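Visitor: Got a structure for you, input22.txt, holding compact mmCIF, C-alpha atoms.
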# COMPACT_ATOMS: atom_id res chain seq x y z
CA MET A 1 154.93 46.35 60.86
CA ALA A 2 158.62 45.85 61.11
CA ASN A 3 159.86 42.55 62.39
CA PHE A 4 162.83 41.93 64.66
CA PRO A 5 164.76 38.83 65.72
CA PHE A 6 163.63 37.25 68.95
CA GLU A 7 165.08 34.37 70.94
CA LEU A 8 163.67 32.59 73.95
CA VAL A 9 166.32 30.45 75.63
CA SER A 10 166.02 28.06 78.54
CA PRO A 11 169.00 26.25 80.08
CA GLU A 12 167.93 23.02 78.44
CA LYS A 13 167.35 24.33 74.94
CA LEU A 14 166.59 27.14 72.55
CA VAL A 15 162.82 27.33 72.88
CA TYR A 16 162.00 29.90 70.23
CA SER A 17 164.04 31.64 67.61
CA GLY A 18 162.64 33.69 64.78
CA SER A 19 161.42 36.98 63.45
CA VAL A 20 158.46 38.53 65.28
CA THR A 21 156.49 41.77 65.34
CA GLU A 22 155.83 42.13 69.03
CA VAL A 23 156.67 40.38 72.26
CA VAL A 24 155.03 41.09 75.60
CA VAL A 25 157.30 40.23 78.51
CA PRO A 26 156.28 39.95 82.16
CA GLY A 27 158.93 42.24 83.67
CA ALA A 28 159.61 42.38 87.38
CA GLU A 29 158.33 45.94 87.47
CA GLY A 30 155.42 45.44 85.13
CA GLU A 31 154.66 43.91 81.76
CA PHE A 32 156.22 45.54 78.79
CA GLY A 33 155.84 45.16 75.06
CA VAL A 34 158.83 45.15 72.78
CA LEU A 35 158.61 46.28 69.16
CA ALA A 36 161.34 46.59 66.56
CA GLY A 37 163.97 49.19 67.40
CA HIS A 38 163.51 49.09 71.15
CA ALA A 39 166.08 51.00 73.19
CA PRO A 40 168.81 48.88 74.83
CA PHE A 41 167.19 47.53 77.92
CA VAL A 42 167.67 44.76 80.48
CA SER A 43 164.95 43.64 82.85
CA VAL A 44 164.46 40.80 85.27
CA ILE A 45 161.31 38.81 84.60
CA LYS A 46 158.73 37.55 87.04
CA PRO A 47 156.72 34.35 86.64
CA GLY A 48 154.05 35.03 84.06
CA VAL A 49 152.89 34.68 80.49
CA LEU A 50 155.08 35.74 77.61
CA ILE A 51 153.20 36.58 74.43
CA ILE A 52 154.85 36.32 71.02
CA LYS A 53 153.13 37.97 68.05
CA GLY A 54 154.42 37.43 64.56
CA ASP A 55 153.24 36.33 61.10
CA GLY A 56 149.65 36.74 62.20
CA LYS A 57 150.10 34.11 64.91
CA VAL A 58 150.02 34.58 68.65
CA GLN A 59 151.91 32.23 70.94
CA LYS A 60 151.71 32.21 74.69
CA LEU A 61 154.30 30.66 76.96
CA PHE A 62 154.67 30.44 80.67
CA VAL A 63 158.08 31.73 81.75
CA ARG A 64 159.73 31.82 85.12
CA GLY A 65 163.03 33.05 86.48
CA GLY A 66 165.42 34.91 84.24
CA PHE A 67 165.75 38.15 82.37
CA ALA A 68 165.07 39.88 79.09
CA GLU A 69 167.61 41.77 77.07
CA ALA A 70 166.57 44.12 74.29
CA GLY A 71 169.41 45.45 72.20
CA PRO A 72 170.40 46.37 68.69
CA GLN A 73 170.45 42.67 67.77
CA GLY A 74 166.86 42.17 68.83
CA LEU A 75 165.29 40.71 71.94
CA THR A 76 166.58 37.79 73.97
CA VAL A 77 164.68 36.29 76.86
CA LEU A 78 166.50 33.89 79.16
CA ALA A 79 164.12 31.93 81.33
CA GLU A 80 164.76 28.99 83.60
CA THR A 81 161.35 27.59 82.75
CA ALA A 82 159.65 28.23 79.42
CA VAL A 83 156.64 26.08 78.58
CA PRO A 84 153.90 26.71 76.02
CA LEU A 85 150.62 27.29 77.82
CA ALA A 86 149.05 24.37 75.97
CA GLU A 87 151.59 21.99 77.53
CA LEU A 88 151.25 23.46 80.98
CA GLY A 89 148.49 21.60 82.73
CA PRO A 90 146.63 23.26 85.59
CA GLY A 91 148.15 20.68 87.95
CA LYS A 92 151.71 21.82 87.26
CA LEU A 93 150.96 25.43 88.04
CA ALA A 94 149.09 24.45 91.18
CA GLN A 95 152.13 22.42 92.24
CA MET A 96 154.38 25.44 91.64
CA ILE A 97 152.08 27.61 93.72
CA LYS A 98 152.15 25.04 96.50
CA ASP A 99 155.96 24.90 96.39
CA ALA A 100 156.18 28.69 96.42
CA GLN A 101 153.81 28.78 99.39
CA GLU A 102 156.08 26.41 101.28
CA ASP A 103 159.10 28.50 100.32
CA VAL A 104 157.45 31.57 101.81
CA GLU A 105 156.77 29.72 105.02
CA ASP A 106 160.34 28.41 105.16
CA ALA A 107 161.96 31.81 104.62
CA LYS A 108 164.33 32.65 107.43
CA ASP A 109 164.49 36.43 107.15
CA ASP A 110 162.14 39.15 105.99
CA ALA A 111 164.02 40.00 102.81
CA THR A 112 163.85 36.42 101.57
CA ARG A 113 160.23 36.12 102.59
CA LEU A 114 159.35 39.28 100.70
CA LYS A 115 161.13 38.05 97.59
CA ARG A 116 159.43 34.66 97.73
CA GLN A 117 156.06 36.26 98.43
CA THR A 118 156.46 38.28 95.21
CA VAL A 119 157.08 35.07 93.29
CA LEU A 120 154.04 33.46 94.89
CA ASP A 121 151.82 36.43 94.09
CA ALA A 122 153.00 36.49 90.50
CA LEU A 123 152.28 32.76 90.16
CA LYS A 124 148.78 33.21 91.59
CA THR A 125 148.03 36.12 89.28
CA THR A 126 149.25 34.09 86.33
CA ALA A 127 147.11 31.12 87.28
CA ALA A 128 144.06 33.35 87.58
CA ALA A 129 144.84 35.04 84.26
CA ILE A 130 145.28 31.73 82.46
CA GLU A 131 142.02 30.45 83.88
CA ALA A 132 140.14 33.58 82.83
CA ASP A 133 141.74 33.39 79.42
CA GLY A 134 140.75 29.75 79.08
CA ARG A 135 137.14 30.53 79.90
CA THR A 136 136.82 33.26 77.29
CA ALA A 137 138.44 31.06 74.69
CA HIS A 138 135.87 28.29 75.06
CA MET B 1 200.34 -27.06 80.90
CA ALA B 2 196.68 -26.18 80.94
CA SER B 3 194.38 -28.89 79.72
CA LEU B 4 192.23 -28.46 76.67
CA LYS B 5 189.14 -28.06 78.79
CA ASP B 6 190.71 -25.21 80.77
CA LEU B 7 191.70 -23.45 77.60
CA ARG B 8 188.22 -23.84 76.16
CA ASN B 9 186.71 -22.38 79.32
CA ARG B 10 189.07 -19.47 79.28
CA ILE B 11 188.27 -18.63 75.67
CA ALA B 12 184.55 -18.81 76.39
CA SER B 13 184.90 -16.44 79.34
CA VAL B 14 186.93 -13.90 77.38
CA LYS B 15 184.34 -14.08 74.63
CA ALA B 16 181.59 -13.32 77.15
CA THR B 17 183.58 -10.38 78.49
CA GLN B 18 184.08 -9.08 75.00
CA LYS B 19 180.35 -9.19 74.39
CA ILE B 20 179.79 -7.11 77.50
CA THR B 21 182.40 -4.49 76.65
CA LYS B 22 181.08 -4.31 73.11
CA ALA B 23 177.55 -3.73 74.40
CA MET B 24 178.80 -1.09 76.84
CA GLN B 25 180.60 0.66 74.05
CA MET B 26 177.46 0.80 71.95
CA VAL B 27 175.35 2.02 74.85
CA ALA B 28 177.94 4.70 75.58
CA ALA B 29 177.92 5.76 71.93
CA ALA B 30 174.16 6.19 71.99
CA LYS B 31 174.27 8.04 75.30
CA LEU B 32 177.12 10.19 74.07
CA ARG B 33 175.02 11.49 71.22
CA ARG B 34 172.28 12.46 73.62
CA ALA B 35 174.69 14.03 76.09
CA GLN B 36 176.36 15.95 73.32
CA THR B 37 173.10 17.44 72.04
CA ALA B 38 172.15 18.37 75.59
CA ALA B 39 175.49 20.09 76.10
CA GLU B 40 175.15 21.92 72.82
CA ALA B 41 171.55 22.95 73.55
CA ALA B 42 172.65 24.50 76.83
CA ARG B 43 175.39 26.56 75.25
CA PRO B 44 173.33 29.54 73.94
CA TYR B 45 171.84 30.14 77.38
CA ALA B 46 175.20 30.11 79.11
CA LYS B 47 176.71 32.34 76.44
CA ARG B 48 173.95 34.96 76.62
CA MET B 49 174.00 34.86 80.38
CA GLU B 50 177.70 35.48 80.44
CA SER B 51 177.64 38.33 77.95
CA VAL B 52 174.80 40.15 79.73
CA LEU B 53 176.36 39.60 83.12
CA GLY B 54 179.75 40.69 81.82
CA ASN B 55 178.11 43.87 80.58
CA ILE B 56 176.46 44.67 83.87
CA ALA B 57 179.43 43.56 85.91
CA SER B 58 181.81 45.86 84.08
CA ALA B 59 179.41 48.74 84.78
CA VAL B 60 179.05 47.91 88.45
CA SER B 61 182.38 46.47 89.52
CA GLY B 62 184.37 48.71 91.75
CA GLY B 63 181.22 50.14 93.25
CA PRO B 64 181.07 49.84 97.04
CA ASP B 65 177.77 47.98 97.10
CA ALA B 66 178.60 45.46 94.38
CA PRO B 67 177.42 41.98 95.40
CA LEU B 68 179.89 39.72 97.15
CA LEU B 69 179.36 36.92 94.65
CA LEU B 70 181.02 39.15 92.08
CA THR B 71 183.77 40.78 94.08
CA GLY B 72 184.49 38.02 96.57
CA THR B 73 185.14 38.53 100.24
CA GLY B 74 188.50 40.08 99.61
CA LYS B 75 190.25 37.15 101.29
CA ASP B 76 191.37 33.79 100.05
CA ASN B 77 191.84 31.85 103.24
CA VAL B 78 189.18 29.22 102.79
CA HIS B 79 188.85 27.44 99.46
CA LEU B 80 185.93 25.34 98.38
CA LEU B 81 186.65 22.73 95.75
CA LEU B 82 183.60 21.52 93.87
CA VAL B 83 184.54 18.20 92.33
CA LEU B 84 182.18 16.92 89.65
CA THR B 85 182.62 13.29 88.67
CA ALA B 86 180.57 10.40 87.37
CA GLU B 87 178.50 7.92 89.32
CA ARG B 88 179.94 4.94 87.53
CA GLY B 89 183.36 3.65 86.73
CA LEU B 90 184.63 1.75 83.74
CA CYS B 91 185.27 4.89 81.78
CA GLY B 92 189.01 4.98 81.49
CA ALA B 93 190.91 7.74 83.20
CA PHE B 94 187.89 10.06 83.25
CA ASN B 95 187.19 10.07 86.98
CA SER B 96 190.76 9.66 88.12
CA SER B 97 192.04 12.58 86.06
CA ILE B 98 189.48 14.94 87.59
CA VAL B 99 190.26 13.61 91.05
CA ARG B 100 193.98 13.96 90.42
CA LEU B 101 193.59 17.61 89.41
CA ALA B 102 191.50 18.35 92.49
CA ARG B 103 193.88 16.46 94.74
CA GLU B 104 196.89 18.38 93.42
CA ARG B 105 195.09 21.66 94.00
CA ALA B 106 194.02 20.65 97.50
CA THR B 107 197.53 19.55 98.45
CA ALA B 108 199.03 22.77 97.09
CA LEU B 109 196.54 24.90 98.99
CA LEU B 110 197.06 22.98 102.21
CA ALA B 111 200.82 23.43 101.81
CA GLN B 112 200.24 27.18 101.60
CA GLY B 113 198.43 27.03 104.91
CA LYS B 114 194.94 27.64 103.49
CA THR B 115 191.84 25.86 104.63
CA VAL B 116 190.33 23.53 102.07
CA LYS B 117 186.75 22.33 101.91
CA ILE B 118 185.60 19.81 99.36
CA PHE B 119 182.16 19.45 97.86
CA CYS B 120 181.78 16.20 95.94
CA VAL B 121 179.23 15.54 93.26
CA GLY B 122 179.29 11.96 92.08
CA ARG B 123 180.29 8.82 93.90
CA LYS B 124 183.43 8.17 91.88
CA GLY B 125 184.98 11.40 93.08
CA TYR B 126 183.85 11.03 96.65
CA GLU B 127 185.32 7.58 97.22
CA PRO B 128 188.96 8.25 96.25
CA LEU B 129 188.98 11.72 97.83
CA ARG B 130 187.55 10.42 101.07
CA ARG B 131 190.63 8.29 101.62
CA GLN B 132 192.92 11.30 101.73
CA PHE B 133 190.70 14.23 102.66
CA GLU B 134 188.13 12.70 104.98
CA LYS B 135 188.06 15.79 107.19
CA GLN B 136 187.88 18.30 104.37
CA ILE B 137 184.82 16.90 102.64
CA VAL B 138 181.85 19.01 103.68
CA GLU B 139 179.20 17.91 101.22
CA PHE B 140 178.47 14.98 98.99
CA VAL B 141 175.72 14.89 96.40
CA GLU B 142 174.81 11.78 94.47
CA LEU B 143 173.03 12.15 91.17
CA ARG B 144 172.64 8.44 90.77
CA ALA B 145 168.89 8.11 90.85
CA ASN B 146 168.43 10.67 88.10
CA LYS B 147 168.48 9.59 84.51
CA GLY B 148 169.84 12.72 82.94
CA VAL B 149 171.11 15.89 84.50
CA THR B 150 168.37 18.47 84.79
CA PHE B 151 168.66 22.14 85.51
CA ALA B 152 166.95 21.54 88.85
CA ASP B 153 169.89 19.34 89.96
CA ALA B 154 172.35 22.10 89.16
CA GLN B 155 170.13 24.61 90.90
CA ALA B 156 170.04 22.55 94.07
CA ILE B 157 173.84 22.36 94.13
CA ALA B 158 174.15 26.08 93.38
CA GLU B 159 171.75 26.91 96.19
CA LYS B 160 173.78 24.89 98.65
CA ILE B 161 176.97 26.60 97.56
CA SER B 162 175.60 30.13 97.67
CA GLY B 163 174.08 29.35 101.04
CA MET B 164 177.49 28.32 102.32
CA PHE B 165 179.03 31.42 100.79
CA GLN B 166 176.45 33.68 102.39
CA ALA B 167 177.20 32.05 105.72
CA GLY B 168 180.85 32.96 105.22
CA GLU B 169 182.04 29.37 105.10
CA PHE B 170 184.51 29.96 102.28
CA ASP B 171 186.10 32.75 100.25
CA VAL B 172 186.91 31.22 96.89
CA ALA B 173 185.16 28.40 95.05
CA THR B 174 186.69 26.42 92.22
CA MET B 175 184.93 23.80 90.16
CA PHE B 176 186.64 20.70 88.78
CA PHE B 177 185.14 18.91 85.82
CA SER B 178 186.07 17.54 82.44
CA ARG B 179 185.54 19.64 79.35
CA PHE B 180 184.38 17.67 76.35
CA GLN B 181 186.53 18.20 73.30
CA SER B 182 186.06 15.04 71.31
CA VAL B 183 185.37 11.38 71.86
CA ILE B 184 189.04 10.70 72.42
CA SER B 185 189.97 13.86 74.28
CA GLN B 186 188.45 15.20 77.48
CA VAL B 187 190.30 17.90 79.33
CA PRO B 188 190.07 18.03 83.11
CA THR B 189 189.50 21.68 83.94
CA ALA B 190 189.50 23.86 87.02
CA GLN B 191 187.19 26.86 86.83
CA GLN B 192 186.77 29.54 89.44
CA ILE B 193 183.08 30.18 90.09
CA ILE B 194 183.13 32.48 93.13
CA PRO B 195 184.09 35.32 92.82
CA ALA B 196 182.61 35.24 89.34
CA THR B 197 184.96 35.66 86.41
CA PHE B 198 184.01 36.68 82.92
CA THR B 199 186.63 35.68 80.45
CA GLY B 200 186.87 37.53 77.20
CA VAL B 201 183.71 39.50 77.76
CA ALA B 202 185.29 42.71 78.97
CA ALA B 203 186.87 43.32 75.58
CA ALA B 204 183.62 42.70 73.71
CA SER B 205 181.48 44.80 76.01
CA GLY B 206 183.41 47.96 75.26
CA ALA B 207 181.59 48.43 72.00
CA ALA B 208 178.20 47.36 73.31
CA ALA B 209 175.39 49.83 73.73
CA THR B 210 174.70 51.35 77.10
CA TYR B 211 171.74 49.54 78.55
CA GLU B 212 168.96 50.76 80.69
CA TYR B 213 168.31 48.50 83.64
CA GLU B 214 165.10 47.66 85.41
CA PRO B 215 165.42 47.34 88.41
CA ASP B 216 168.86 48.93 88.82
CA GLU B 217 172.16 47.16 88.11
CA ASN B 218 172.83 45.99 91.63
CA GLU B 219 169.43 44.41 92.05
CA ILE B 220 169.71 42.66 88.71
CA LEU B 221 173.14 41.40 89.66
CA ALA B 222 171.87 40.14 92.99
CA ASP B 223 169.23 38.19 91.10
CA LEU B 224 171.40 37.00 88.24
CA LEU B 225 174.62 35.98 89.96
CA PRO B 226 173.07 33.02 91.81
CA ARG B 227 171.39 32.03 88.55
CA ASN B 228 174.70 32.29 86.77
CA LEU B 229 176.22 29.98 89.35
CA ALA B 230 173.52 27.42 88.61
CA VAL B 231 174.04 27.84 84.88
CA GLN B 232 177.79 27.36 85.18
CA ILE B 233 177.33 24.23 87.24
CA PHE B 234 174.69 22.96 84.84
CA THR B 235 176.98 23.50 81.87
CA ALA B 236 179.82 21.77 83.67
CA LEU B 237 177.59 18.82 84.55
CA LEU B 238 176.54 18.46 80.93
CA GLU B 239 180.11 18.73 79.67
CA ASN B 240 181.03 16.14 82.25
CA GLY B 241 178.22 13.86 81.11
CA ALA B 242 179.38 14.02 77.50
CA SER B 243 183.00 13.51 78.56
CA GLU B 244 182.08 10.51 80.67
CA GLN B 245 180.31 8.79 77.80
CA GLY B 246 183.13 9.67 75.41
CA ALA B 247 185.71 8.30 77.81
CA ARG B 248 183.67 5.16 78.40
CA MET B 249 183.22 4.65 74.71
CA SER B 250 186.92 4.74 73.96
CA ALA B 251 187.79 2.70 77.06
CA MET B 252 185.29 0.03 76.07
CA ASP B 253 186.51 0.11 72.48
CA ASN B 254 190.01 -0.61 73.76
CA ALA B 255 188.74 -3.34 76.02
CA THR B 256 186.87 -4.97 73.16
CA ARG B 257 189.98 -4.88 71.01
CA ASN B 258 192.14 -6.30 73.80
CA ALA B 259 189.64 -9.09 74.35
CA GLY B 260 189.76 -9.86 70.64
CA GLU B 261 193.53 -10.12 70.73
CA MET B 262 193.40 -12.35 73.78
CA ILE B 263 190.88 -14.64 72.11
CA LYS B 264 193.14 -14.92 69.07
CA LYS B 265 196.15 -15.77 71.19
CA GLN B 266 194.29 -18.29 73.31
CA THR B 267 192.75 -19.95 70.27
CA LEU B 268 196.23 -20.37 68.84
CA THR B 269 197.47 -22.02 72.03
CA TYR B 270 194.37 -24.18 72.13
CA ASN B 271 194.89 -25.40 68.57
CA ARG B 272 198.59 -26.02 69.14
CA THR B 273 197.87 -28.06 72.25
CA ARG B 274 195.15 -29.99 70.48
CA GLN B 275 197.45 -30.81 67.57
CA ALA B 276 200.28 -31.77 69.88
CA MET B 277 197.98 -34.18 71.65
CA ILE B 278 196.82 -35.74 68.39
CA THR B 279 200.41 -36.15 67.28
CA LYS B 280 201.30 -37.71 70.61
CA GLU B 281 198.41 -40.15 70.41
CA LEU B 282 199.36 -41.09 66.85
CA ILE B 283 202.95 -41.74 67.88
CA GLU B 284 201.72 -43.90 70.73
CA ILE B 285 199.46 -45.94 68.41
CA ILE B 286 202.11 -46.32 65.70
CA SER B 287 204.88 -47.27 68.08
CA GLY B 288 202.48 -49.68 69.79
CA ALA B 289 201.65 -51.30 66.43
CA GLU B 290 205.33 -51.52 65.47
CA ALA B 291 206.21 -53.22 68.71
CA LEU B 292 203.89 -56.11 67.86
Take the structure in the file and write it out as structure tokens.
Guide:
Amino acid sequence: MANFPFELVSPEKLVYSGSVTEVVVPGAEGEFGVLAGHAPFVSVIKPGVLIIKGDGKVQKLFVRGGFAEAGPQGLTVLAETAVPLAELGPGKLAQMIKDAQEDVEDAKDDATRLKRQTVLDALKTTAAAIEADGRTAH
Amino acid sequence: MASLKDLRNRIASVKATQKITKAMQMVAAAKLRRAQTAAEAARPYAKRMESVLGNIASAVSGGPDAPLLLTGTGKDNVHLLLVLTAERGLCGAFNSSIVRLARERATALLAQGKTVKIFCVGRKGYEPLRRQFEKQIVEFVELRANKGVTFADAQAIAEKISGMFQAGEFDVATMFFSRFQSVISQVPTAQQIIPATFTGVAAASGAAATYEYEPDENEILADLLPRNLAVQIFTALLENGASEQGARMSAMDNATRNAGEMIKKQTLTYNRTRQAMITKELIEIISGAEAL
């Protein structure tokens, strides 16, 4: 399968840069997979798991806040948080969920509350998915 | 004339000072390397962000429902000056040059009859500005407790600013910080952050492919512009951090050299005085012996 250049960038550093076969991105309107030669495309991402497949290896990272840009030069994902799942303890995610919960409660108007609720839901789904994934792996 | 003991004390104290400045210089050099890598590591993110945003912005701008963060309120009556400085002094003209730039801008704006609001980040900018613009300062953030600047710090500042903007508290926001060029040169810079500007992107985006957006452009912009604000502030904070260490390093290098010169001069005086005293004592002894 054809490879394409992929970069995962967080504000603090370049997290991943290399040639990959497929990347699955948690888009705001649903997960989508990107293969080589994808049409030019920009999407906001929601909190979730980003899966990188290349060279027979699969890497999973938790990403939050940002967007993905697929173009002729390959795929670039900009995320405010990007942590490999192995480094993300269950406590950290639980803390994020708690914070998000508080954010929802603090929201002053409906639009903000709706937006924050979406974030919270996405975080919960991710936590559940990671847990399920962890159980099958062991 | 100072006695020998005084001179000895003075030399010892200058030597102690020199040791301190030397140590500070070395600490600054080590911190500078770290700050520089951090600033460099943040660059790809900011660059990508700007190019994507520039792309979308050029497609959307002019539209009636384009977000206010991009187009501005259409007025420029109230200006917010975001002044980013260090928490510590002893770094040459670093803090004062940023403050001077901000102060000049504030005075010019006030002379034009505009309203000025000042948002200070860092104690060393707050203190001198408070003397002159006590009433204009609306916010003051201290980053003292934190070891390094994290993205969360920048995000908190950005949230405060966009909150104020949403509440209609200002029309134009400008950020003052020091751009890091090299260890010996830091350039105090003023950068407009609201309404957002994209320098040099418009030309490049002409050739770029037409993108498909999900959700649509306006929604993406509404999500990305506040993020971009945080990224810009984060980049500025990192540049500032590197500049501060660079400025401190060269200031401390100068101080160390000056202390060295002072020690040399004082040692010379000390030796001269000592010799003069020996000569005087000898003369006294000899003339005493001759008198017998």
Visitor: Compute the chain A side of the contact with chain B at 12 Å, counting all atoms listed in the file, and hand it back as an NGL selection string.
Guide: :A and (7-17 or 27-32 or 38-46 or 65-73 or 75-81 or 112 or 115)
Visitor: Determine the nearest neighbour of B:Met24 from the options B:Ala276, B:Ala57, B:Ala156, B:Leu90, counting all atoms listed in the file.
Guide: B:Leu90
Visitor: As an exercise, work out the distance from atom CA of B:Gly241 to atom CA of B:Ala35 in Å and give it to one decimal place.
Guide: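 Atom CA of B:Ala35 lies at a distance of 6.1 Å from atom CA of B:Gly241.
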Visitor: Taking all atoms of stretch 260-266 of chain B that the file lists and extending 4 Å past them on each side, where is the centre of the axis-aligned box and how long are its edges? Answer in Å to one decimal, as JSON.
Guide:
{"center_x": 193.0, "center_y": -14.1, "center_z": 71.4, "size_x": 14.4, "size_y": 16.4, "size_z": 12.7}
Visitor: Which residue out of B:Leu129, B:Ala28, B:Ile11, B:Leu53 has the minimum interatomic distance to B:Thr197 when only C-alpha atoms are used?
Guide: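 Going through B:Leu129, B:Ala28, B:Ile11, B:Leu53 one by one, the smallest distance to B:Thr197 is for B:Leu53.
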Visitor: Of the candidates B:Ala255, B:Ala2, B:Val78, B:Ala93, which one gets nearest to B:Thr21 if we count only C-alpha atoms?
Guide: B:Ala255
Visitor: If we count all atoms listed in the file, what is near stretch 92-105 of chain A at a cut-off of 7 Å, once residues fewer than 6 positions away on the same chain are taken out, given as a list in words?
Guide: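 So the residues in contact are Arg113, Arg116, Gln117, Leu120, Leu123, Lys124 and Ala127 of chain A.
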